[in-house]
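Asker: What follows is the file final_29.cif, containing mmCIF, C-alpha atoms:
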data_upload
loop_
_atom_site.label_atom_id
_atom_site.label_comp_id
_atom_site.auth_asym_id
_atom_site.auth_seq_id
_atom_site.Cartn_x
_atom_site.Cartn_y
_atom_site.Cartn_z
CA MET L 29 0.00 0.00 0.00
CA SER L 30 1.27 3.42 -0.86
CA LYS L 31 2.16 5.92 1.84
CA ILE L 32 -0.82 8.17 2.53
CA ALA L 33 -0.68 11.71 3.90
CA PRO L 34 -2.73 12.00 7.10
CA THR L 35 -6.33 12.85 6.27
CA SER L 36 -7.41 16.22 7.59
CA ILE L 37 -11.14 16.77 8.08
CA PRO L 38 -12.20 20.37 8.84
CA ARG L 39 -13.68 20.51 12.30
CA ARG L 40 -15.21 23.00 14.67
CA GLY L 41 -13.12 23.87 17.74
CA LEU L 42 -14.23 23.13 21.28
CA LEU L 43 -14.21 24.88 24.64
CA LEU L 44 -12.39 22.89 27.30
CA VAL L 45 -13.29 23.94 30.83
CA MET L 46 -11.25 22.71 33.77
CA SER L 47 -12.65 23.48 37.20
CA SER L 48 -11.47 22.33 40.60
CA PRO L 49 -11.03 23.47 44.17
CA SER L 50 -7.89 25.52 44.73
CA GLY L 51 -4.99 23.12 45.31
CA ALA L 52 -6.20 20.26 43.11
CA GLY L 53 -3.42 20.92 40.60
CA LYS L 54 -5.48 22.53 37.86
CA THR L 55 -2.96 25.28 37.04
CA THR L 56 -0.19 22.72 36.49
CA LEU L 57 -2.49 20.67 34.27
CA SER L 58 -3.44 23.74 32.23
CA ARG L 59 0.22 24.62 31.67
CA LYS L 60 1.10 21.09 30.63
CA LEU L 61 -1.78 21.01 28.17
CA LEU L 62 -0.90 24.38 26.61
CA ALA L 63 2.75 23.36 26.30
CA ALA L 64 1.94 19.99 24.72
CA ASP L 65 -0.71 21.06 22.22
CA SER L 66 -0.39 24.03 19.89
CA ASN L 67 -4.03 23.88 18.77
CA ILE L 68 -5.41 24.93 22.14
CA ALA L 69 -4.97 28.37 23.71
CA MET L 70 -6.05 29.93 26.97
CA SER L 71 -9.02 32.24 26.83
CA VAL L 72 -7.90 35.80 27.63
CA SER L 73 -10.40 37.49 29.94
CA VAL L 74 -11.22 41.16 30.24
CA THR L 75 -10.87 42.58 33.74
CA THR L 76 -11.39 45.90 35.49
CA ARG L 77 -8.67 45.26 38.06
CA LYS L 78 -5.26 46.93 37.76
CA PRO L 79 -2.40 44.92 36.20
CA ARG L 80 -0.05 43.25 38.70
CA PRO L 81 3.71 43.51 38.17
CA GLY L 82 4.71 41.40 35.17
CA GLU L 83 1.19 41.00 33.76
CA VAL L 84 0.94 41.80 30.06
CA ASP L 85 -2.15 43.45 28.56
CA GLY L 86 -3.66 41.20 25.88
CA LYS L 87 -1.79 38.14 27.14
CA ASP L 88 -2.71 37.67 30.80
CA TYR L 89 -5.81 39.86 30.60
CA HIS L 90 -7.33 42.62 28.56
CA PHE L 91 -7.29 45.46 31.11
CA ILE L 92 -10.35 47.66 30.65
CA ASP L 93 -12.22 50.25 32.71
CA GLN L 94 -15.56 49.74 34.43
CA ALA L 95 -17.55 51.73 31.82
CA THR L 96 -16.16 49.58 28.98
CA PHE L 97 -16.93 46.43 30.95
CA GLU L 98 -20.52 47.50 31.52
CA LYS L 99 -20.94 48.34 27.85
CA MET L 100 -19.70 44.85 26.91
CA VAL L 101 -22.16 43.22 29.31
CA ALA L 102 -25.05 45.35 27.99
CA ALA L 103 -24.14 44.54 24.38
CA GLY L 104 -24.05 40.78 25.09
CA GLU L 105 -20.35 40.67 24.22
CA LEU L 106 -19.34 38.51 27.20
CA LEU L 107 -19.95 34.77 27.40
CA GLU L 108 -19.64 34.75 31.18
CA TRP L 109 -18.65 37.28 33.81
CA ALA L 110 -18.33 37.72 37.55
CA THR L 111 -17.38 40.35 40.10
CA VAL L 112 -14.91 39.30 42.79
CA PHE L 113 -13.84 41.70 45.57
CA GLY L 114 -15.08 44.67 43.53
CA ASN L 115 -13.22 43.68 40.35
CA SER L 116 -15.06 42.43 37.30
CA TYR L 117 -13.86 39.64 35.01
CA GLY L 118 -15.40 38.31 31.80
CA THR L 119 -14.83 36.24 28.67
CA PRO L 120 -15.29 38.14 25.37
CA LYS L 121 -17.44 36.22 22.93
CA LYS L 122 -15.88 37.30 19.63
CA PRO L 123 -12.38 35.74 19.88
CA VAL L 124 -13.94 32.52 21.16
CA GLU L 125 -16.31 32.28 18.21
CA GLU L 126 -13.50 33.07 15.80
CA ALA L 127 -11.34 30.31 17.29
CA LEU L 128 -14.16 27.75 17.09
CA ALA L 129 -14.88 28.56 13.46
CA LYS L 130 -11.18 28.06 12.63
CA GLY L 131 -11.08 24.66 14.35
CA ARG L 132 -9.02 25.94 17.23
CA ASP L 133 -9.76 24.96 20.84
CA VAL L 134 -9.99 27.30 23.81
CA LEU L 135 -9.06 26.42 27.39
CA PHE L 136 -10.94 27.95 30.33
CA ASP L 137 -9.82 28.00 33.92
CA ILE L 138 -13.12 29.05 35.49
CA ASP L 139 -15.26 27.99 38.45
CA TRP L 140 -18.68 26.33 38.47
CA GLN L 141 -20.50 29.66 38.14
CA GLY L 142 -18.60 30.63 35.01
CA THR L 143 -19.09 27.12 33.66
CA GLN L 144 -22.84 27.35 34.12
CA GLN L 145 -22.93 30.66 32.23
CA LEU L 146 -20.78 29.26 29.44
CA ALA L 147 -23.09 26.25 29.16
CA GLN L 148 -26.07 28.58 28.67
CA ALA L 149 -24.32 30.24 25.74
CA MET L 150 -22.30 27.43 24.13
CA GLU L 151 -23.54 24.03 25.40
CA ASP L 152 -22.70 22.09 22.22
CA ASP L 153 -19.12 23.34 22.08
CA LEU L 154 -18.40 22.79 25.75
CA VAL L 155 -16.34 19.99 27.29
CA ARG L 156 -16.44 20.22 31.09
CA VAL L 157 -13.72 18.51 33.15
CA PHE L 158 -13.71 18.58 36.93
CA ILE L 159 -10.37 17.95 38.63
CA LEU L 160 -10.54 16.35 42.08
CA PRO L 161 -7.69 15.86 44.56
CA PRO L 162 -7.21 12.22 45.66
CA ASN L 163 -8.17 13.12 49.25
CA ALA L 164 -8.55 16.01 51.69
CA GLU L 165 -5.05 15.59 53.11
CA THR L 166 -3.42 16.01 49.71
CA LEU L 167 -5.47 19.14 49.05
CA ARG L 168 -4.27 20.60 52.37
CA ASP L 169 -0.65 19.61 51.67
CA ARG L 170 -0.76 21.25 48.25
CA LEU L 171 -2.25 24.48 49.57
CA ILE L 172 0.30 24.66 52.42
CA GLY L 173 3.08 23.84 49.97
CA ARG L 174 2.48 27.09 48.09
CA ALA L 175 5.13 29.15 49.84
CA GLN L 176 3.63 32.45 48.69
CA ASP L 177 0.33 32.04 50.53
CA SER L 178 -0.18 33.05 54.16
CA SER L 179 -1.83 30.58 56.55
CA SER L 180 -5.00 32.64 56.55
CA VAL L 181 -5.18 32.37 52.74
CA VAL L 182 -4.67 28.61 53.04
CA ALA L 183 -7.44 28.40 55.64
CA LYS L 184 -9.76 30.45 53.44
CA ARG L 185 -9.10 28.23 50.41
CA MET L 186 -9.71 25.08 52.45
CA ALA L 187 -12.97 26.57 53.66
CA GLU L 188 -14.06 27.27 50.08
CA ALA L 189 -13.17 23.78 48.81
CA PRO L 190 -16.39 21.94 49.81
CA ARG L 191 -18.60 24.40 47.96
CA GLU L 192 -16.52 24.18 44.79
CA ILE L 193 -16.27 20.38 45.01
CA SER L 194 -20.04 20.07 45.49
CA HIS L 195 -20.51 21.04 41.83
CA TRP L 196 -18.69 18.01 40.33
CA PRO L 197 -22.00 16.47 39.11
CA GLU L 198 -22.38 19.34 36.61
CA TYR L 199 -19.30 18.26 34.64
CA ASP L 200 -18.97 15.85 31.71
CA TYR L 201 -15.76 14.25 32.94
CA VAL L 202 -14.10 13.85 36.31
CA VAL L 203 -10.34 13.34 36.67
CA VAL L 204 -8.82 12.49 40.04
CA ASN L 205 -5.40 14.12 40.12
CA ASP L 206 -3.22 11.85 42.23
CA ASP L 207 -0.30 12.18 39.83
CA ALA L 208 0.26 15.17 37.54
CA ASP L 209 1.57 13.14 34.59
CA ALA L 210 -1.20 10.55 34.78
CA ALA L 211 -3.84 13.28 35.07
CA HIS L 212 -2.28 15.09 32.10
CA LEU L 213 -2.59 11.94 29.97
CA LYS L 214 -6.24 11.65 30.97
CA VAL L 215 -7.03 15.26 30.07
CA THR L 216 -5.16 14.81 26.78
CA ALA L 217 -7.23 11.70 25.99
CA ILE L 218 -10.43 13.65 26.66
CA LEU L 219 -9.28 16.41 24.31
CA THR L 220 -8.27 13.91 21.59
CA ALA L 221 -11.57 12.06 21.86
CA GLU L 222 -13.74 15.17 21.87
CA ARG L 223 -11.98 16.37 18.71
CA LEU L 224 -13.07 13.11 17.06
CA ARG L 225 -16.74 13.61 17.88
CA ARG L 226 -18.75 13.23 14.73
CA ARG L 227 -20.67 16.48 15.19
CA ARG L 228 -17.49 18.56 15.55
CA GLN L 229 -16.00 17.15 12.32
CA VAL L 230 -17.99 19.51 10.15
CA GLY L 231 -16.04 18.50 7.02
CA LEU L 232 -17.18 14.87 7.15
CA THR L 233 -20.22 15.38 4.93
CA ASP L 234 -18.05 16.66 2.08
CA PHE L 235 -15.36 14.08 2.76
CA VAL L 236 -17.84 11.19 2.52
CA ARG L 237 -19.50 12.71 -0.56
CA VAL L 238 -16.18 12.70 -2.44
CA MET L 239 -15.45 9.13 -1.36
CA MET L 240 -18.90 7.92 -2.41
CA LYS L 241 -18.41 9.32 -5.92
CA ASP L 242 -15.35 7.08 -6.37
CA LEU L 243 -16.98 3.92 -5.04
CA MET W 16 4.47 15.11 49.19
CA SER W 17 4.15 11.42 49.96
CA LYS W 18 3.81 8.85 47.22
CA ILE W 19 0.12 8.15 46.62
CA ALA W 20 -1.34 4.89 45.31
CA PRO W 21 -3.46 5.53 42.21
CA THR W 22 -7.03 6.32 43.16
CA SER W 23 -9.52 3.77 41.93
CA ILE W 24 -13.15 4.89 41.58
CA PRO W 25 -15.67 2.11 40.90
CA ARG W 26 -17.23 2.65 37.49
CA ARG W 27 -19.77 1.08 35.20
CA GLY W 28 -18.37 -0.56 32.07
CA LEU W 29 -19.19 0.60 28.57
CA LEU W 30 -20.07 -0.94 25.22
CA LEU W 31 -17.68 0.09 22.47
CA VAL W 32 -19.08 -0.43 18.99
CA MET W 33 -16.83 -0.17 15.96
CA SER W 34 -18.56 -0.23 12.60
CA SER W 35 -17.12 0.32 9.15
CA PRO W 36 -17.37 -0.86 5.58
CA SER W 37 -15.47 -4.06 4.90
CA GLY W 38 -11.84 -3.16 4.19
CA ALA W 39 -11.59 -0.07 6.42
CA GLY W 40 -9.29 -1.90 8.82
CA LYS W 41 -11.72 -2.47 11.66
CA THR W 42 -10.61 -6.05 12.39
CA THR W 43 -6.98 -4.95 12.81
CA LEU W 44 -8.08 -2.10 15.10
CA SER W 45 -10.18 -4.49 17.21
CA ARG W 46 -7.25 -6.88 17.61
CA LYS W 47 -4.87 -4.08 18.61
CA LEU W 48 -7.32 -2.78 21.18
CA LEU W 49 -7.93 -6.22 22.72
CA ALA W 50 -4.18 -6.89 22.86
CA ALA W 51 -3.39 -3.51 24.46
CA ASP W 52 -6.14 -3.36 27.07
CA SER W 53 -7.05 -6.21 29.42
CA ASN W 54 -10.22 -4.49 30.66
CA ILE W 55 -12.06 -4.82 27.36
CA ALA W 56 -13.22 -8.08 25.81
CA MET W 57 -15.00 -8.99 22.62
CA SER W 58 -18.66 -9.81 22.90
CA VAL W 59 -19.23 -13.49 22.08
CA SER W 60 -22.31 -13.94 19.87
CA VAL W 61 -24.64 -16.88 19.63
CA THR W 62 -25.09 -18.31 16.12
CA THR W 63 -27.05 -21.06 14.44
CA ARG W 64 -24.45 -21.63 11.76
CA LYS W 65 -22.10 -24.62 11.94
CA PRO W 66 -18.59 -24.05 13.37
CA ARG W 67 -15.86 -23.55 10.77
CA PRO W 68 -12.55 -25.42 11.12
CA GLY W 69 -10.63 -23.97 14.07
CA GLU W 70 -13.57 -22.11 15.64
CA VAL W 71 -13.99 -22.76 19.35
CA ASP W 72 -17.42 -22.92 20.99
CA GLY W 73 -17.69 -20.25 23.72
CA LYS W 74 -14.74 -18.29 22.34
CA ASP W 75 -15.49 -17.44 18.70
CA TYR W 76 -19.24 -18.04 19.06
CA HIS W 77 -21.72 -19.91 21.17
CA PHE W 78 -23.00 -22.43 18.64
CA ILE W 79 -26.70 -23.13 19.24
CA ASP W 80 -29.59 -24.64 17.28
CA GLN W 81 -32.46 -22.71 15.70
CA ALA W 82 -34.98 -23.67 18.42
CA THR W 83 -32.70 -22.36 21.18
CA PHE W 84 -32.11 -19.17 19.20
CA GLU W 85 -35.83 -18.58 18.79
CA LYS W 86 -36.41 -19.19 22.50
CA MET W 87 -33.74 -16.58 23.35
CA VAL W 88 -35.37 -14.02 21.03
CA ALA W 89 -38.83 -14.70 22.48
CA ALA W 90 -37.52 -14.41 26.06
CA GLY W 91 -35.84 -11.05 25.30
CA GLU W 92 -32.42 -12.54 26.03
CA LEU W 93 -30.70 -11.00 22.97
CA LEU W 94 -29.65 -7.36 22.75
CA GLU W 95 -29.49 -7.46 18.96
CA TRP W 96 -29.81 -10.13 16.33
CA ALA W 97 -29.86 -10.65 12.58
CA THR W 98 -30.28 -13.40 10.04
CA VAL W 99 -27.72 -13.49 7.22
CA PHE W 100 -27.90 -16.09 4.41
CA GLY W 101 -30.18 -18.29 6.53
CA ASN W 102 -27.95 -18.23 9.62
CA SER W 103 -28.94 -16.33 12.75
CA TYR W 104 -26.58 -14.35 14.96
CA GLY W 105 -27.23 -12.51 18.21
CA THR W 106 -25.70 -10.91 21.31
CA PRO W 107 -26.79 -12.45 24.63
CA LYS W 108 -27.82 -9.80 27.17
CA LYS W 109 -26.73 -11.50 30.40
CA PRO W 110 -22.91 -11.58 29.97
CA VAL W 111 -23.00 -7.97 28.75
CA GLU W 112 -24.90 -6.78 31.80
CA GLU W 113 -22.60 -8.74 34.11
CA ALA W 114 -19.53 -7.16 32.50
CA LEU W 115 -20.96 -3.62 32.78
CA ALA W 116 -21.81 -4.09 36.47
CA LYS W 117 -18.23 -5.24 37.12
CA GLY W 118 -16.75 -2.18 35.38
CA ARG W 119 -15.58 -4.21 32.41
CA ASP W 120 -15.94 -2.97 28.84
CA VAL W 121 -17.29 -4.96 25.90
CA LEU W 122 -16.21 -4.52 22.27
CA PHE W 123 -18.68 -5.08 19.43
CA ASP W 124 -17.84 -5.59 15.80
CA ILE W 125 -21.34 -5.08 14.37
CA ASP W 126 -22.91 -3.17 11.50
CA TRP W 127 -25.26 -0.20 11.60
CA GLN W 128 -28.33 -2.42 12.01
CA GLY W 129 -26.92 -4.15 15.08
CA THR W 130 -25.79 -0.76 16.42
CA GLN W 131 -29.30 0.63 16.09
CA GLN W 132 -30.73 -2.33 18.01
CA LEU W 133 -28.08 -2.03 20.72
CA ALA W 134 -28.86 1.68 21.05
CA GLN W 135 -32.51 0.87 21.69
CA ALA W 136 -31.56 -1.42 24.56
CA MET W 137 -28.45 0.23 26.06
CA GLU W 138 -28.15 3.83 24.82
CA ASP W 139 -26.43 5.20 27.96
CA ASP W 140 -23.73 2.54 27.95
CA LEU W 141 -23.00 2.76 24.26
CA VAL W 142 -19.99 4.41 22.61
CA ARG W 143 -20.33 4.29 18.82
CA VAL W 144 -17.23 4.66 16.64
CA PHE W 145 -17.40 4.64 12.86
CA ILE W 146 -14.17 3.78 11.02
CA LEU W 147 -13.78 5.32 7.57
CA PRO W 148 -11.11 4.57 4.97
CA PRO W 149 -9.14 7.65 3.82
CA ASN W 150 -10.54 7.29 0.29
CA ALA W 151 -12.23 4.86 -2.11
CA GLU W 152 -8.96 3.72 -3.67
CA THR W 153 -7.54 2.61 -0.33
CA LEU W 154 -10.71 0.67 0.44
CA ARG W 155 -10.39 -1.12 -2.91
CA ASP W 156 -6.67 -1.80 -2.37
CA ARG W 157 -7.34 -3.27 1.06
CA LEU W 158 -10.13 -5.52 -0.18
CA ILE W 159 -8.04 -6.75 -3.13
CA GLY W 160 -5.08 -7.26 -0.77
CA ARG W 161 -6.96 -9.96 1.11
CA ALA W 162 -5.52 -12.93 -0.75
CA GLN W 163 -8.23 -15.31 0.47
CA ASP W 164 -11.11 -13.46 -1.19
CA SER W 165 -12.16 -14.10 -4.78
CA SER W 166 -12.66 -11.15 -7.11
CA SER W 167 -16.43 -11.65 -6.95
CA VAL W 168 -16.31 -11.34 -3.15
CA VAL W 169 -14.24 -8.16 -3.50
CA ALA W 170 -16.76 -6.76 -5.99
CA LYS W 171 -19.64 -7.64 -3.67
CA ARG W 172 -17.95 -5.92 -0.70
CA MET W 173 -17.23 -2.81 -2.76
CA ALA W 174 -20.86 -2.74 -3.82
CA GLU W 175 -21.99 -2.92 -0.18
CA ALA W 176 -19.64 -0.18 1.02
CA PRO W 177 -21.78 2.88 0.11
CA ARG W 178 -24.76 1.61 2.09
CA GLU W 179 -22.65 0.88 5.16
CA ILE W 180 -20.80 4.20 4.91
CA SER W 181 -24.08 6.11 4.57
CA HIS W 182 -24.78 5.40 8.26
CA TRP W 183 -21.77 7.33 9.64
CA PRO W 184 -24.02 10.13 11.00
CA GLU W 185 -25.53 7.69 13.54
CA TYR W 186 -22.21 7.31 15.37
CA ASP W 187 -20.73 9.32 18.26
CA TYR W 188 -17.20 9.39 16.90
CA VAL W 189 -15.66 9.07 13.45
CA VAL W 190 -12.07 7.90 12.94
CA VAL W 191 -10.48 8.04 9.50
CA ASN W 192 -8.11 5.09 9.30
CA ASP W 193 -5.24 6.22 7.10
CA ASP W 194 -2.66 4.65 9.38
CA ALA W 195 -3.36 1.67 11.66
CA ASP W 196 -1.17 2.91 14.54
CA ALA W 197 -2.56 6.45 14.44
CA ALA W 198 -6.12 5.14 14.29
CA HIS W 199 -5.38 2.80 17.20
CA LEU W 200 -4.21 5.76 19.30
CA LYS W 201 -7.42 7.60 18.46
CA VAL W 202 -9.66 4.68 19.42
CA THR W 203 -7.64 4.25 22.63
CA ALA W 204 -8.13 7.94 23.49
CA ILE W 205 -11.89 7.57 22.95
CA LEU W 206 -11.95 4.56 25.28
CA THR W 207 -9.84 6.36 27.93
CA ALA W 208 -12.03 9.46 27.78
CA GLU W 209 -15.32 7.60 27.88
CA ARG W 210 -14.15 5.72 30.98
CA LEU W 211 -13.65 9.12 32.65
CA ARG W 212 -17.22 10.26 31.98
CA ARG W 213 -18.74 11.44 35.20
CA ARG W 214 -21.88 9.35 34.84
CA ARG W 215 -19.93 6.10 34.38
CA GLN W 216 -17.85 6.69 37.54
CA VAL W 217 -20.58 5.39 39.81
CA GLY W 218 -18.25 5.42 42.85
CA LEU W 219 -17.72 9.21 42.75
CA THR W 220 -20.59 10.05 45.08
CA ASP W 221 -19.07 7.93 47.86
CA PHE W 222 -15.56 9.10 47.04
CA VAL W 223 -16.54 12.77 47.36
CA ARG W 224 -18.57 12.09 50.52
CA VAL W 225 -15.49 10.65 52.25
CA MET W 226 -13.32 13.58 51.11
CA MET W 227 -15.88 16.13 52.30
CA LYS W 228 -15.90 14.62 55.80
CA ASP W 229 -12.15 15.31 56.09
CA LEU W 230 -12.32 18.89 54.79
#
Since I need it in another form, could you write the structure as structure tokens?

Answerer:
Amino acid sequence: MSKIAPTSIPRRGLLLVMSSPSGAGKTTLSRKLLAADSNIAMSVSVTTRKPRPGEVDGKDYHFIDQATFEKMVAAGELLEWATVFGNSYGTPKKPVEEALAKGRDVLFDIDWQGTQQLAQAMEDDLVRVFILPPNAETLRDRLIGRAQDSSSVVAKRMAEAPREISHWPEYDYVVVNDDADAAHLKVTAILTAERLRRRRQVGLTDFVRVMMKDL
Amino acid sequence: MSKIAPTSIPRRGLLLVMSSPSGAGKTTLSRKLLAADSNIAMSVSVTTRKPRPGEVDGKDYHFIDQATFEKMVAAGELLEWATVFGNSYGTPKKPVEEALAKGRDVLFDIDWQGTQQLAQAMEDDLVRVFILPPNAETLRDRLIGRAQDSSSVVAKRMAEAPREISHWPEYDYVVVNDDADAAHLKVTAILTAERLRRRRQVGLTDFVRVMMKDL
């Protein structure tokens, strides 16, 4: 048999949401995924808070003022948004829709509330993954292990964990992160599989039509 | 952080169906999957046809007589069945349900008609994968390459291909098999991902309850 170039079927991109309690290892998993796969990129949120040292406008966030934020909300230009400690955050719709149409995937690091909003707007494109720690002790160890956080921050995050965890039944997939490499392989398999979903492979109809003509 | 044993969450098994036109490489993919993964096994059908040389009762098929077959149909003991050239074939329900309850997966090499019947009975447990050849020429080459088949058999299989292919929209996933190893990785990713589906991980409720107590 002759060597065949890999078949490429045009497909629609997907939105991969990873949610978890703080300390479950989600940030590490996001970084590994972005480093391993050039067809997925992090969604860049708009925010009304001031940039922190080292943060780059347009890369970490789009830094906007409150009036602009409110205009975007009113115009339906945000897929999901929230206000935390007086600062507003949101996901602009336009770049997400452009990415999907080009067959590019978008990664979201948002909580259950943002996920619910995103599901309202984009249910069919959404792939929801909940990351769980293997047990409470590991969650505590991971939070304490973050040298930059004070013990009161650790205590606050531990106190928030049960509420966040209680939303696991709203997700499509659940990955228990007892080992970062194993969990990364699992998330990668989910991404690979979801890309192969028939309904996302929008070029299949044409592909099959061409094949049928030659049969 | 201490070394943690991999977390094992009890889950319900799944039914993986692979369908394709003859010559798309499905048999090779099935064999690779069974060899690579000890938690999935091929469904063993009942049949009224006589064993061929080398076929083992209980392994290749359960060989039964027509009266027994008809009793199984009447008693609702078959998940799907068909009669081809006067011989009847069917999938017994009991071993499939036992496997699912034990968290074991079952592989089916059936056509679109069997898949439709299985979907009626077991929709939630079903994962449907359609295997497509990269193009018509490759399908023809693969069918001709099977030394044991006469040219009339090849012609008959080519003639049947369009009807089989026309059912691709009824499947959850579509894999274009232009390279056996690449296609194997794709099918493996689908199996890995589907095992991580929240609703199949029936032990999660207890797992989270225990974790919550310690938080």

Asker: Just need the residues of chain L within 7 Å of chain W, counting all atoms listed in the file, so spit them out as a list in words.

Answerer: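 Therefore, the residues near the partner are Ile32, Pro34, Thr35, Pro162, Asn163, Ala164, Pro190, Tyr199, Asp200, Tyr201, Val202, Val203, Asp206, Lys214, Ala217, Ile218, Thr220, Ala221, Leu224, Arg225, Arg226, Met239, Met240, Asp242 and Leu243 of chain L.
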
Asker: Step by step, work through what the PyMOL selection byres ((chain W and resi 55) around 10) selects in the shown file, and finish by giving those residues as a ChimeraX atom specification.

Answerer: /W:28-31,48-54,56-58,114,118-122,206

Asker: Excluding segment 59-76 of chain W and residues on its chain fewer than 3 positions from it, collect all residues at most 12 Å away from it, counting all atoms listed in the file, and give them as a PyMOL selection string.

Answerer: chain W and resi 56+79-85+87-88+92-111+121-125+129

Asker: To one decimal place, how far is atom CA of Arg40 of chain L from atom CA of Asp153 of chain L in Å?

Answerer: 8.4 Å

Asker: Tell me which of W:Lys41, W:Leu115, W:Arg161, W:Ser35 sits closest to Leu141 of chain W, counting only C-alpha atoms.

Answerer: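 Of the candidates, the smallest distance to Leu141 of chain W is held by W:Leu115.
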
Asker: Hey, could you pull the box centre and edge lengths for segment 186-196 of chain W, axis-aligned, 8 Å padding per side, all listed atoms, to one decimal in Å, as AutoDock Vina command-line options?

Answerer:
--center_x -11.7 --center_y 5.5 --center_z 12.7 --size_x 37.0 --size_y 23.7 --size_z 27.2

Asker: Would you mind reading off the distance between atom CA of Thr56 of chain L and atom CA of Ala147 of chain L, one decimal, in Å?

Answerer: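 Between these atoms lies a distance of 24.3 Å.
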
Asker: Quick check, in Å to one decimal: how far apart do atom CA of Glu179 of chain W and atom CA of Leu44 of chain W lie?

Answerer: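 Computing the Euclidean distance for atom CA of Glu179 of chain W and atom CA of Leu44 of chain W yields 17.9 Å.
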
Asker: Can you work out which one of L:His195, L:Gly104, L:Arg39, L:Ser58 has the shortest atom-to-atom distance to Gln144 of chain L, counting all atoms listed in the file?

Answerer: L:His195
